[in-house]
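The next block is entry_25.txt, given as compact mmCIF, C-alpha atoms.
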# COMPACT_ATOMS: atom_id res chain seq x y z
CA MET S 1 23.46 35.08 26.83
CA SER S 2 19.81 35.81 26.26
CA ALA S 3 17.09 34.69 28.64
CA TRP S 4 15.70 32.53 25.84
CA PHE S 5 18.58 30.04 26.13
CA LYS S 6 18.90 29.93 29.91
CA ASP S 7 18.97 26.41 31.33
CA ASP S 8 16.34 27.20 33.97
CA ALA S 9 13.71 27.42 31.22
CA ALA S 10 14.54 23.92 29.94
CA PRO S 11 12.62 21.93 32.61
CA LEU S 12 9.38 23.75 31.79
CA LEU S 13 10.02 23.37 28.08
CA VAL S 14 10.66 19.64 28.49
CA GLU S 15 7.57 19.22 30.63
CA ASP S 16 5.34 21.08 28.18
CA ALA S 17 6.68 19.29 25.10
CA VAL S 18 6.47 15.84 26.75
CA GLN S 19 2.90 16.54 27.86
CA ILE S 20 1.85 17.59 24.35
CA ALA S 21 3.48 14.53 22.77
CA PHE S 22 2.18 12.12 25.41
CA ASN S 23 -1.38 13.43 25.16
CA PHE S 24 -1.37 13.06 21.38
CA LEU S 25 0.04 9.53 21.51
CA ALA S 26 -2.35 8.50 24.30
CA ARG S 27 -5.39 9.83 22.42
CA SER S 28 -4.31 7.97 19.30
CA GLY S 29 -3.91 4.71 21.26
CA GLU S 30 -0.19 4.35 20.60
CA ILE S 31 0.98 4.01 24.20
CA ASP S 32 1.08 0.56 25.73
CA ASP S 33 3.55 1.40 28.53
CA PRO S 34 3.15 4.96 29.86
CA ALA S 35 6.43 4.95 31.81
CA GLU S 36 8.39 3.79 28.77
CA ALA S 37 6.70 6.40 26.59
CA VAL S 38 7.42 9.27 28.99
CA GLY S 39 11.05 8.20 29.32
CA PHE S 40 11.48 7.90 25.57
CA LEU S 41 9.84 11.26 24.88
CA ALA S 42 11.79 13.05 27.63
CA ASP S 43 15.10 11.63 26.36
CA LYS S 44 14.38 12.72 22.78
CA ILE S 45 13.23 16.16 23.85
CA HIS S 46 16.25 16.68 26.14
CA PHE S 47 18.52 15.77 23.25
CA MET S 48 16.81 18.18 20.86
CA ILE S 49 17.00 20.97 23.43
CA SER S 50 20.71 20.29 23.86
CA GLN S 51 21.01 20.77 20.08
CA GLY S 52 19.36 24.20 20.36
CA GLN S 53 15.70 23.54 19.55
CA ARG S 54 13.41 25.66 21.72
CA ASN S 55 10.02 25.50 19.96
CA LYS S 56 7.83 23.25 22.13
CA LEU S 57 5.51 22.25 19.28
CA ALA S 58 8.45 21.31 17.07
CA LEU S 59 9.95 19.35 19.98
CA ALA S 60 6.66 17.54 20.60
CA ASN S 61 6.08 16.75 16.92
CA ARG S 62 9.59 15.41 16.40
CA ALA S 63 9.36 13.34 19.58
CA ILE S 64 6.02 11.92 18.40
CA ALA S 65 7.51 10.96 15.04
CA ALA S 66 10.53 9.37 16.75
CA PHE S 67 8.26 7.40 19.10
CA GLN S 68 6.15 6.16 16.19
CA ARG S 69 9.28 5.01 14.32
CA TYR S 70 10.52 3.33 17.51
CA ARG S 71 7.20 1.47 17.95
CA GLU S 72 7.22 0.33 14.31
CA ALA S 73 10.78 -0.96 14.61
CA ARG S 74 10.01 -2.67 17.92
CA SER S 75 6.90 -4.31 16.47
CA ALA S 76 8.81 -5.54 13.43
CA GLU S 77 11.56 -6.93 15.64
CA LEU S 78 9.08 -8.71 17.90
CA SER S 79 7.25 -10.23 14.95
CA LEU S 80 10.56 -11.59 13.63
CA VAL S 81 11.41 -13.09 17.02
CA PHE S 82 8.02 -14.73 17.38
CA SER S 83 8.01 -16.04 13.81
CA GLN S 84 11.43 -17.62 14.32
CA HIS S 85 10.26 -19.35 17.52
CA SER S 86 7.23 -20.82 15.78
CA LEU S 87 9.33 -22.57 13.12
CA PRO S 88 9.44 -26.38 13.48
Once you've parsed the file, please lay out its structure as structure tokens.
Amino acid sequence: MSAWFKDDAAPLLVEDAVQIAFNFLARSGEIDDPAEAVGFLADKIHFMISQGQRNKLALANRAIAAFQRYREARSAELSLVFSQHSLP
């Protein structure tokens, strides 16, 4: 097994990729709950690493896209819930 795929490199890779993604999302104003965002990003990045992805920029970009889709879906769901409660 090459050193590239050793598990001891994964924590640093996760940390770097999460930091890149979090910084981008924070600067763009897309984070309303930092703890939720970090958890979401870390879960997505861990999963991608388990699938063999090792490029930290690709990990960060894919996690950003997943978080943005998640926020859109959550917003749409919340707007449906609130619109149903405001019906007479």
Counting only C-alpha atoms, the residue among S:Asp43, S:Glu77, S:Asp16, S:Glu72 that lies closest to S:Glu30 is S:Glu72
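Minimum atom-to-atom distance to S:Leu25, evaluated using all atoms listed in the file, belongs to S:Val38 out of S:Ile45, S:Val38, S:Leu57, S:Ala10.
Between S:Phe22 and the residues S:Ser79, S:Gly52, S:Phe67, S:His46, the shortest atom-to-atom distance, using only C-alpha atoms, involves S:Phe67.
Atom CA of S:Asp32 to atom CA of S:Ser75 spans 12.0 Å [interatomic distance, one decimal].
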With 12 Å as the threshold, what does the neighbourhood of (4.5, 16.5, 22.8) contain in terms of residues, counting only C-alpha atoms? Coordinates are those of the file; answer as a PyMOL selection string.
chain S and resi 13-27+37-38+40-42+44-45+55-67
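Atom CA of S:Ala76 to atom CA of S:Met48 spans 26.1 Å [interatomic distance, one decimal].
For the pair atom CA of S:Phe47 and atom CA of S:Pro11, the interatomic distance is 12.7 Å.
Each of S:Arg69, S:Arg54, S:Pro34, S:Ser28 was compared to S:Leu12 using all atoms listed in the file, and S:Arg54 turns out to be the nearest.
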Six-sided padding of 5 Å per side, axis-aligned box over stretch 14-19 of chain S, centre and edges in Å, one decimal, as JSON:
{"center_x": 6.8, "center_y": 18.5, "center_z": 27.9, "size_x": 17.8, "size_y": 15.2, "size_z": 15.5}
Write out N, CA and C atoms for stretch 34-56 of chain S, as a PDB file, keeping the file's coordinate frame.
ATOM      1  N   PRO S  34       3.004   3.517  29.630  1.00  0.00           N
ATOM      2  CA  PRO S  34       3.150   4.960  29.860  1.00  0.00           C
ATOM      3  C   PRO S  34       4.531   5.375  30.371  1.00  0.00           C
ATOM      4  N   ALA S  35       5.111   4.594  31.271  1.00  0.00           N
ATOM      5  CA  ALA S  35       6.430   4.950  31.810  1.00  0.00           C
ATOM      6  C   ALA S  35       7.499   4.911  30.723  1.00  0.00           C
ATOM      7  N   GLU S  36       7.439   3.893  29.878  1.00  0.00           N
ATOM      8  CA  GLU S  36       8.390   3.790  28.770  1.00  0.00           C
ATOM      9  C   GLU S  36       8.215   4.961  27.815  1.00  0.00           C
ATOM     10  N   ALA S  37       6.980   5.305  27.524  1.00  0.00           N
ATOM     11  CA  ALA S  37       6.700   6.400  26.590  1.00  0.00           C
ATOM     12  C   ALA S  37       7.220   7.725  27.131  1.00  0.00           C
ATOM     13  N   VAL S  38       6.954   8.018  28.396  1.00  0.00           N
ATOM     14  CA  VAL S  38       7.420   9.270  28.990  1.00  0.00           C
ATOM     15  C   VAL S  38       8.940   9.326  28.979  1.00  0.00           C
ATOM     16  N   GLY S  39       9.589   8.241  29.330  1.00  0.00           N
ATOM     17  CA  GLY S  39      11.050   8.200  29.320  1.00  0.00           C
ATOM     18  C   GLY S  39      11.615   8.422  27.929  1.00  0.00           C
ATOM     19  N   PHE S  40      11.034   7.756  26.952  1.00  0.00           N
ATOM     20  CA  PHE S  40      11.480   7.900  25.570  1.00  0.00           C
ATOM     21  C   PHE S  40      11.312   9.343  25.104  1.00  0.00           C
ATOM     22  N   LEU S  41      10.123   9.898  25.322  1.00  0.00           N
ATOM     23  CA  LEU S  41       9.840  11.260  24.880  1.00  0.00           C
ATOM     24  C   LEU S  41      10.754  12.271  25.577  1.00  0.00           C
ATOM     25  N   ALA S  42      10.938  12.117  26.884  1.00  0.00           N
ATOM     26  CA  ALA S  42      11.790  13.050  27.630  1.00  0.00           C
ATOM     27  C   ALA S  42      13.236  12.980  27.127  1.00  0.00           C
ATOM     28  N   ASP S  43      13.736  11.777  26.871  1.00  0.00           N
ATOM     29  CA  ASP S  43      15.100  11.630  26.360  1.00  0.00           C
ATOM     30  C   ASP S  43      15.255  12.329  25.005  1.00  0.00           C
ATOM     31  N   LYS S  44      14.314  12.098  24.108  1.00  0.00           N
ATOM     32  CA  LYS S  44      14.380  12.720  22.780  1.00  0.00           C
ATOM     33  C   LYS S  44      14.308  14.233  22.882  1.00  0.00           C
ATOM     34  N   ILE S  45      13.411  14.714  23.721  1.00  0.00           N
ATOM     35  CA  ILE S  45      13.230  16.160  23.850  1.00  0.00           C
ATOM     36  C   ILE S  45      14.452  16.804  24.505  1.00  0.00           C
ATOM     37  N   HIS S  46      15.011  16.163  25.527  1.00  0.00           N
ATOM     38  CA  HIS S  46      16.250  16.680  26.140  1.00  0.00           C
ATOM     39  C   HIS S  46      17.353  16.787  25.096  1.00  0.00           C
ATOM     40  N   PHE S  47      17.484  15.753  24.272  1.00  0.00           N
ATOM     41  CA  PHE S  47      18.520  15.770  23.250  1.00  0.00           C
ATOM     42  C   PHE S  47      18.310  16.919  22.272  1.00  0.00           C
ATOM     43  N   MET S  48      17.079  17.100  21.821  1.00  0.00           N
ATOM     44  CA  MET S  48      16.810  18.180  20.860  1.00  0.00           C
ATOM     45  C   MET S  48      17.052  19.553  21.484  1.00  0.00           C
ATOM     46  N   ILE S  49      16.726  19.703  22.765  1.00  0.00           N
ATOM     47  CA  ILE S  49      17.000  20.970  23.430  1.00  0.00           C
ATOM     48  C   ILE S  49      18.506  21.204  23.517  1.00  0.00           C
ATOM     49  N   SER S  50      19.251  20.139  23.793  1.00  0.00           N
ATOM     50  CA  SER S  50      20.710  20.290  23.860  1.00  0.00           C
ATOM     51  C   SER S  50      21.302  20.671  22.504  1.00  0.00           C
ATOM     52  N   GLN S  51      20.568  20.395  21.426  1.00  0.00           N
ATOM     53  CA  GLN S  51      21.010  20.770  20.080  1.00  0.00           C
ATOM     54  C   GLN S  51      20.536  22.173  19.699  1.00  0.00           C
ATOM     55  N   GLY S  52      19.758  22.824  20.586  1.00  0.00           N
ATOM     56  CA  GLY S  52      19.360  24.200  20.360  1.00  0.00           C
ATOM     57  C   GLY S  52      17.905  24.431  20.007  1.00  0.00           C
ATOM     58  N   GLN S  53      17.126  23.372  19.878  1.00  0.00           N
ATOM     59  CA  GLN S  53      15.700  23.540  19.550  1.00  0.00           C
ATOM     60  C   GLN S  53      14.960  24.058  20.777  1.00  0.00           C
ATOM     61  N   ARG S  54      14.141  25.085  20.596  1.00  0.00           N
ATOM     62  CA  ARG S  54      13.410  25.660  21.720  1.00  0.00           C
ATOM     63  C   ARG S  54      11.905  25.788  21.453  1.00  0.00           C
ATOM     64  N   ASN S  55      11.437  25.399  20.288  1.00  0.00           N
ATOM     65  CA  ASN S  55      10.020  25.500  19.960  1.00  0.00           C
ATOM     66  C   ASN S  55       9.327  24.245  20.482  1.00  0.00           C
ATOM     67  N   LYS S  56       8.426  24.433  21.481  1.00  0.00           N
ATOM     68  CA  LYS S  56       7.830  23.250  22.130  1.00  0.00           C
ATOM     69  C   LYS S  56       6.971  22.420  21.195  1.00  0.00           C
TER      70      LYS S  56
END
